[in-house]
Amino acid sequence: MNCKISKNAAKMLKVELDKPVNEGKKLRVYVTHAHGDHAHYGMAIDEPTDKDVVVSTDKDIDVILEDGNEFLDGVRIDYFYVPEEGFAVTNPTKGNHGDH
């Protein structure tokens with residue numbers, strides 16, 4: 001499985017992951033709901049279970065993904081400052097380029 005994190009998103013995620021309360025935890029990306037050929041995503045700070053796979057990224061952030069969930073393979077995490085500040089999780093490999 002594969003996950004990409006943009007430079008801006010990595011910067012913001014590291015701030016959260018470096019907090020003492022999150023010591024030993026990782027970023028989880030999950031499907032909030034799926035319909036048709038695409039899904040919508042959420043994120044949380046969590047610990048992996050036996051149903052998960054932990055994916056290393058080139059930004060030195062490990063990401064927890066549900067093993068075998070095809071909508072999670074290839075997700076991309078971005079952080080935007082405009083039009084409003086916040087994270088966006090998409091999966092371009094599945095034709096999902098943002099909320100609709």
# chains A, B, ... in the order shown; residues from 1 in each chain; ligands from 1
>>> residues_around(residues="A:Lys25", least_positions_apart="5", cutoff="9 Å", atoms="only C-alpha atoms", output="list in words")
Leu17, Ile45, Asp46, Glu47 and Pro48 of chain A
>>> write_last_selection(atoms="all heavy atoms", output="short mmCIF file (atom, residue, chain, number, x, y, z; two decimals), in the first residue's frame")
data_model
loop_
_atom_site.label_atom_id
_atom_site.label_comp_id
_atom_site.auth_asym_id
_atom_site.auth_seq_id
_atom_site.Cartn_x
_atom_site.Cartn_y
_atom_site.Cartn_z
N LEU A 17 2.03 15.17 15.95
CA LEU A 17 2.60 13.88 16.34
C LEU A 17 3.69 14.03 17.40
O LEU A 17 3.94 13.10 18.17
CB LEU A 17 3.13 13.14 15.11
CG LEU A 17 2.05 12.60 14.17
CD1 LEU A 17 2.67 12.21 12.83
CD2 LEU A 17 1.32 11.43 14.80
N ILE A 45 -5.11 10.39 15.12
CA ILE A 45 -3.87 9.92 15.73
C ILE A 45 -4.26 8.64 16.48
O ILE A 45 -5.17 8.65 17.31
CB ILE A 45 -3.28 10.96 16.70
CG1 ILE A 45 -3.07 12.31 15.99
CG2 ILE A 45 -1.98 10.44 17.31
CD1 ILE A 45 -2.09 12.29 14.84
N ASP A 46 -3.58 7.53 16.19
CA ASP A 46 -4.06 6.24 16.67
C ASP A 46 -2.90 5.26 16.78
O ASP A 46 -1.75 5.58 16.45
CB ASP A 46 -5.10 5.72 15.68
CG ASP A 46 -6.04 4.68 16.25
OD1 ASP A 46 -5.93 4.33 17.43
OD2 ASP A 46 -6.91 4.21 15.48
N GLU A 47 -3.23 4.05 17.19
CA GLU A 47 -2.28 2.95 17.24
C GLU A 47 -2.77 1.85 16.31
O GLU A 47 -3.97 1.61 16.22
CB GLU A 47 -2.14 2.42 18.66
CG GLU A 47 -1.55 3.45 19.62
CD GLU A 47 -1.44 2.95 21.04
OE1 GLU A 47 -1.66 1.76 21.29
OE2 GLU A 47 -1.13 3.77 21.91
N PRO A 48 -1.86 1.18 15.60
CA PRO A 48 -2.29 0.14 14.67
C PRO A 48 -2.85 -1.09 15.38
O PRO A 48 -2.50 -1.38 16.52
CB PRO A 48 -1.01 -0.21 13.91
CG PRO A 48 0.11 0.28 14.76
CD PRO A 48 -0.42 1.38 15.60
#
>>> closest_atom_pairs(of="stretch 31-66 of chain A", to="stretch 75-97 of chain A", cutoff="8 Å", atoms="only C-alpha atoms", output="Markdown table")
| residue | atom | partner | partner_atom | distance |
| --- | --- | --- | --- | --- |
| A:Asp37 | CA | A:Lys94 | CA | 7.4 |
| A:His38 | CA | A:Asn96 | CA | 6.0 |
| A:Ala39 | CA | A:Asn96 | CA | 7.4 |
| A:His40 | CA | A:Thr90 | CA | 7.7 |
| A:Tyr41 | CA | A:Val89 | CA | 6.1 |
| A:Gly42 | CA | A:Val89 | CA | 7.4 |
>>> residues_around(residues="A:Arg28", least_positions_apart="5", cutoff="6 Å", atoms="only C-alpha atoms", output="PDB file with N, CA, C and O atoms, in the first residue's frame")
ATOM      1  N   MET A  43      -8.948  11.483   9.217  1.00  0.00           N
ATOM      2  CA  MET A  43      -7.629  11.236   9.807  1.00  0.00           C
ATOM      3  C   MET A  43      -7.757  11.259  11.326  1.00  0.00           C
ATOM      4  O   MET A  43      -8.611  11.951  11.871  1.00  0.00           O
ATOM      5  N   ALA A  44      -6.876  10.502  11.981  1.00  0.00           N
ATOM      6  CA  ALA A  44      -6.834  10.474  13.438  1.00  0.00           C
ATOM      7  C   ALA A  44      -5.425  10.089  13.874  1.00  0.00           C
ATOM      8  O   ALA A  44      -4.653   9.531  13.096  1.00  0.00           O
ATOM      9  N   ILE A  45      -5.106  10.389  15.122  1.00  0.00           N
ATOM     10  CA  ILE A  45      -3.871   9.918  15.731  1.00  0.00           C
ATOM     11  C   ILE A  45      -4.258   8.643  16.483  1.00  0.00           C
ATOM     12  O   ILE A  45      -5.175   8.653  17.306  1.00  0.00           O
ATOM     13  N   VAL A  63       2.109   5.970   8.437  1.00  0.00           N
ATOM     14  CA  VAL A  63       0.662   6.119   8.317  1.00  0.00           C
ATOM     15  C   VAL A  63       0.006   4.748   8.457  1.00  0.00           C
ATOM     16  O   VAL A  63       0.427   3.780   7.826  1.00  0.00           O
ATOM     17  N   ILE A  64      -1.037   4.692   9.292  1.00  0.00           N
ATOM     18  CA  ILE A  64      -1.810   3.470   9.483  1.00  0.00           C
ATOM     19  C   ILE A  64      -2.930   3.444   8.450  1.00  0.00           C
ATOM     20  O   ILE A  64      -3.704   4.400   8.329  1.00  0.00           O
TER      21      ILE A  64
END
>>> select_by_dssp(residues="stretch 20-93 of chain A", states="helix (DSSP H, G or I)", output="ChimeraX atom specification")
/A:20-22,92-93
>>> select_by_dssp(residues="chain A", states="strand (DSSP E)", output="JSON, numbers by chain")
{"A": [3, 4, 5, 26, 27, 28, 29, 30, 31, 32, 33, 34, 35, 38, 39, 40, 41, 42, 43, 44, 45, 46, 52, 53, 54, 55, 56, 62, 63, 64, 65, 66, 75, 76, 77, 78, 79, 80, 86, 87, 88, 89, 90]}
>>> residues_around(residues="A:Ile61", least_positions_apart="2", cutoff="9 Å", atoms="only C-alpha atoms", output="list of chain:residue names")
A:Ile5, A:Ala10, A:Leu13, A:Lys14, A:Leu17, A:Lys26, A:Leu27, A:Val55, A:Ser56, A:Thr57, A:Asp58, A:Lys59, A:Val63
>>> closest_residue(among="A:Ser6, A:Glu66, A:Val15, A:Asn22", to="A:Asp52", atoms="only C-alpha atoms")
A:Glu66
>>> closest_residue(among="A:Met12, A:Asp62, A:Lys7, A:Asp50", to="A:Gly24", atoms="only C-alpha atoms")
A:Asp62
